[in-house]
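A quick write-up on the structure given underneath.
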Protein chains: 2
Amino acid sequence: MEMLSCHLERSSNIPLYEQLYNFIKNEIIDGRIKHGEKLPSKRKLSEFLKISQNTVETAYEQLLAEGYVEGISRKGYFVLAYEDLEYVETQHVSNRLPKQSKEKMTYHFHPSWIDTENFPFAKWRKYARDMISKEKHSLLLLGDMQGELELRQEIANYLYHARGVQCSEEEIVIGAGSEILLQQLILLFQKDMIYGVEDPGYHMISRILKNYPNSVYPIGVDEEGLLTKQVENTPINVVYVTPSHHFPYGSVLSVNRRNQLLKWAREDSNRYIIEDDYDSEFRYTGKAIPSLQSMDHAGKVIYLGSFSKSLIPSLRISYMVLPKPLLERYKQVLSFYQCSVSRLDQHILTEFMRKGDFERHLNRMRKIYRRKLDKTLEFLRPYKKQIEVIGDQSGLHIVLVVKNGMNEEELIQKAKEKHIQIYPLSSYSLEKRIESDPMIILGFAGIPEEKLENAIHLLLKSWNMTT
Amino acid sequence: MEMLSCHLERSSNIPLYEQLYNFIKNEIIDGRIKHGEKLPSKRKLSEFLKISQNTVETAYEQLLAEGYVEGISRKGYFVLAYEDLEYVETQHVSNRLPKQSKEKMTYHFHPSWIDTENFPFAKWRKYARDMISKEKHSLLLLGDMQGELELRQEIANYLYHARGVQCSEEEIVIGAGSEILLQQLILLFQKDMIYGVEDPGYHMISRILKNYPNSVYPIGVDEEGLLTKQVENTPINVVYVTPSHHFPYGSVLSVNRRNQLLKWAREDSNRYIIEDDYDSEFRYTGKAIPSLQSMDHAGKVIYLGSFSKSLIPSLRISYMVLPKPLLERYKQVLSFYQCSVSRLDQHILTEFMRKGDFERHLNRMRKIYRRKLDKTLEFLRPYKKQIEVIGDQSGLHIVLVVKNGMNEEELIQKAKEKHIQIYPLSSYSLEKRIESDPMIILGFAGIPEEKLENAIHLLLKSWNMTT
């Protein structure tokens, strides 16, 4: 090719090199410049278009980088074959999917909701300010794969004093939520592991396992917790359990059942127990129930904890304590995963724990939640013939057995009409049961204390139980 | 049982109820109180021990909650069978694993390192302060599963303008690092998918896939990027590629190869391309290379992006853009996963982008990194007979082909002796190659500008190439 007649707009906002690049690219795409043609030399084109050689060079290099032309040493730039007119300039078309309408609710009784108004924002903000600082610029780089050492030390110390968990910081793995850690555990275990889960129960692990080939067996629950005897007649290798406060019934796994379960695990080297201690911080009567991990001397219990109930659900910080043989395996097969929690957030939390703010927060929240629970129970008490309450010793939710003649669906629907969101027990069950009376999970923590009376009143009204 | 002779220490820090609880529990464990025995009534024991009935009740309820006793209505508390002396009080023994010693390095040339000193800490701190506030207390609750809508809108807008990516916020999924998102993709695809990866390349996906049953095929790379022809002779369904800036060679996937790859993907409904656009923000010559996603009109490309290079590696914020059929599948099988990134952090980033700080930061960092690259090249230039440089057009690293007679291991070891950490190309290769000359990946971004000369000088000195 002798020359390129390209009109350049000198007053445009688009740089000259980019105009030239666009022109040549379009000529190639439209087939006006053919495969194998040589572009004009930089010197000649710059003289012809009255622009600098640098401008031409930049345009050519862009074409080279994107593969429209090739550079042959001491010969120049040659147009490459353009097989397919695939590439088309992007157009700003709106291809948005239709928005899902979400009904506005006045009261949410979701069991994951916490009291957000009494969070110590000023303290958290202070520690955040201290961490986001040029003096600590190295915190922007990737940190320890298992999570920051300082945070793991604080967690180990807290777990020992509050939960009787014996571990060193080396055995702790921090992750962005229990789902992430459960997924890592599933990968850590052999592919042929078979899982046993509480039913009803916190169904996250069952949902995660649906995307894996492993089988899942539901195990029943009564007022002493998991029916451990049921485990013995199955091929289960891994039992997932909430021993301190069963979700959602609130029962505590009894000492005998604990021992049965630990004994079962010891009988085979390939058996493990995942102890999910999701809200043990909030027990309102007596001393906290010791963790199952603290009773285990055979390295069979994986302890799983979280700051979702005790601090901030949306912070996404959970942790697990791995028994030593699993820790070794973790280091072999999963240690290439970067820790999924922001390093700055880990250090903010470390300071919060180290300075005693976490303990103070827990003590304060325990009182607030206890008052909320007491009020909830008080407002329900006049209806005790029609509403039985289960699990009122601890945690951020209770279970209501409702005997007003409505079925589960009606209870949910009637509440919804009054803009109250409640959750049925059946959505936490794997096996359909024929219960005589429907059950509702009532998370009371997220409702402001002064609004509880109104919320409960409105709920009962929607169920035609008060006027 | 008539009575319990328990000595209570009134001056102790341990509450009376807890002393009583401990005493009875130990009596049960040690067999001094037998299975079936009835505990003294609360009234009688409180009179006997001269403590309040409440104290006795609290102790009994704790024993009840932990399953040591059972309460029989209107009869009292009875000791349960204690099958196995499993439970032993925790002892504060130190079971720490030995610490791994980490050698202190003066200079790290790691390709993941960024310039941390020029981060706009004041701005970030300001936005953090605005978000951690009682007015925004609802941000403590769980947010949108795919990530905050506002952040997805900012990302969609940025991707359209900077990378030609066409998507709406609905198609974006935010996650705590590319590993998390790649793992979700693996679950999203059918189990029988076979993966093709660049070799050498960013090996994260191959490492993740080792824990899944899927096969992985290495595909070669040359100066035009991935050898797409090699894909055609394999059973590969999913190709993982870094088209804008191959890691680690730095080559750009040419237009023809792009078209070949897109054509290959279109030929079967079960074929997909994962485009990892990990550091496209930093291109120093000409205009940015358009994304492969912008050339795709068949919904075959999953675009993967990250704020690790452009902002903060330890923040752990990445995102992927799913083509609509995959988005539907995502909603069906994976939408129960909570977003793994802190909601507060998502809103801090949203403000940072919305107010134009992200763009300003990128423009500033592009200049800083370009100066660092220029200096690195300048200091290496006198040694060009012994050190060939690959990939000096963009990104935060270059590749050195070293021809001083040392092998890869010697180069690493000699540098280490001078406290310089460098990384061999071989650790990014799946297949062992017999290369005539060893290659080193040199991430220059993390070295302060004023120290670059010294760092390069020291490195060359360790290789006996200067005095």
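In the structure tokens, chains take letters A, B, ... by order of appearance, with residues numbered from 1 within each chain and ligands from 1 in the order shown.
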
Please identify every residue of chain B that has at least one atom no more than 6 Å from any atom of chain A, counting only C-alpha atoms, and report them as JSON, numbers by chain.
{"B": [58, 62, 66, 67, 87, 96, 116, 121, 125, 132, 133, 137, 140, 141, 142, 164, 168, 176, 252, 254, 255, 286, 295, 312, 313, 314, 315, 316, 340, 342, 343]}

Alpha helix (DSSP H) per DSSP on the backbone: members of stretch 192-410 of chain A, as an MDAnalysis selection string
chainID A and resid 204:209 228:232 255:266 324:333 343:354 357:380 408:410

So how many Å separate atom CA of B:Ile172 and atom CA of B:Leu322, to one decimal?
6.4 Å

Any idea what's packed within 9 Å of B:His7, counting only C-alpha atoms, ignoring anything in its chain fewer than 4 positions away? Could you give it as an NGL selection string?
:B and (19-20 or 23 or 49)

Contacts of A:Lys451 within 12 Å, only C-alpha atoms, excl. fewer than 6 positions in-chain, as a list in words
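My reading of the contact set: Thr106, Tyr107, His108, Lys372, Lys375, Thr376, Phe379, Phe444, Ala445, His457 and Leu458 of chain A.
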
Using only C-alpha atoms, please write the residues we just selected to a file, as a PDB file, in the first residue's frame.
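Resulting contents of out-v2.pdb:
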ATOM      1  CA  THR A 106     -42.224  -3.539  58.565  1.00  0.00           C
ATOM      2  CA  TYR A 107     -40.851  -6.300  60.785  1.00  0.00           C
ATOM      3  CA  HIS A 108     -38.368  -9.040  59.931  1.00  0.00           C
ATOM      4  CA  LYS A 372     -35.828  -8.714  74.135  1.00  0.00           C
ATOM      5  CA  LYS A 375     -40.454  -9.201  76.465  1.00  0.00           C
ATOM      6  CA  THR A 376     -41.221 -11.507  73.562  1.00  0.00           C
ATOM      7  CA  PHE A 379     -46.212 -10.700  75.132  1.00  0.00           C
ATOM      8  CA  PHE A 444     -36.398 -11.532  67.836  1.00  0.00           C
ATOM      9  CA  ALA A 445     -32.941  -9.915  67.849  1.00  0.00           C
ATOM     10  CA  HIS A 457     -49.234  -7.683  68.700  1.00  0.00           C
ATOM     11  CA  LEU A 458     -49.451  -7.197  64.938  1.00  0.00           C
TER      12      LEU A 458
END

Taking the DSSP assignment computed from this structure's backbone, write out as a list in words all residues of stretch 199-361 of chain A that belong to strand (DSSP E).
Val216, Tyr217, Pro218, Ile219, Val221, Asp222, Gly225, Leu226, Val238, Val239, Tyr240, Val241, Tyr272, Ile273, Ile274, Glu275, Asp276, Val301, Ile302, Tyr303, Leu304, Gly305, Ser306, Ser318, Tyr319, Met320 and Val321 of chain A

Output C-alpha atoms for every residue in that selection, as a compact mmCIF listing (two decimals), in the first residue's frame.
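Result went into out-v2.txt, see below:
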# COMPACT_ATOMS: atom_id res chain seq x y z
CA VAL A 216 -26.26 -36.70 52.99
CA TYR A 217 -28.34 -38.49 55.64
CA PRO A 218 -30.82 -36.62 57.82
CA ILE A 219 -30.66 -37.44 61.53
CA VAL A 221 -33.38 -34.31 66.86
CA ASP A 222 -35.23 -34.31 70.19
CA GLY A 225 -30.26 -32.80 70.72
CA LEU A 226 -29.11 -35.06 67.90
CA VAL A 238 -18.96 -36.93 59.06
CA VAL A 239 -21.62 -35.63 61.44
CA TYR A 240 -22.53 -31.95 61.34
CA VAL A 241 -23.99 -30.88 64.67
CA TYR A 272 -15.24 -36.75 62.06
CA ILE A 273 -17.64 -34.36 63.78
CA ILE A 274 -18.18 -30.77 62.64
CA GLU A 275 -19.30 -28.73 65.66
CA ASP A 276 -21.02 -25.54 64.53
CA VAL A 301 -13.98 -32.55 66.29
CA ILE A 302 -13.67 -29.64 63.88
CA TYR A 303 -14.85 -26.56 65.72
CA LEU A 304 -16.59 -23.93 63.58
CA GLY A 305 -17.20 -20.43 64.90
CA SER A 306 -18.36 -17.12 63.52
CA SER A 318 -15.71 -17.10 60.48
CA TYR A 319 -13.07 -19.56 61.60
CA MET A 320 -12.49 -23.24 62.12
CA VAL A 321 -10.20 -25.17 64.42

Enter the distance from atom CA of A:Asn214 to atom CA of A:Tyr195, in Å, rounded to one decimal.
7.3 Å

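Closest approach to A:Glu417 among A:Arg271, A:Leu39, A:Ser462, A:Leu373 is made by A:Ser462 (distances from only C-alpha atoms).
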
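You will find atom CA of A:Ser394 at 26.4 Å from atom CA of B:Pro40.
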
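Nearest residue to A:Lys44, choosing from A:Ser73, A:Met3, A:Ser310, A:Arg152 and counting only C-alpha atoms: A:Met3.
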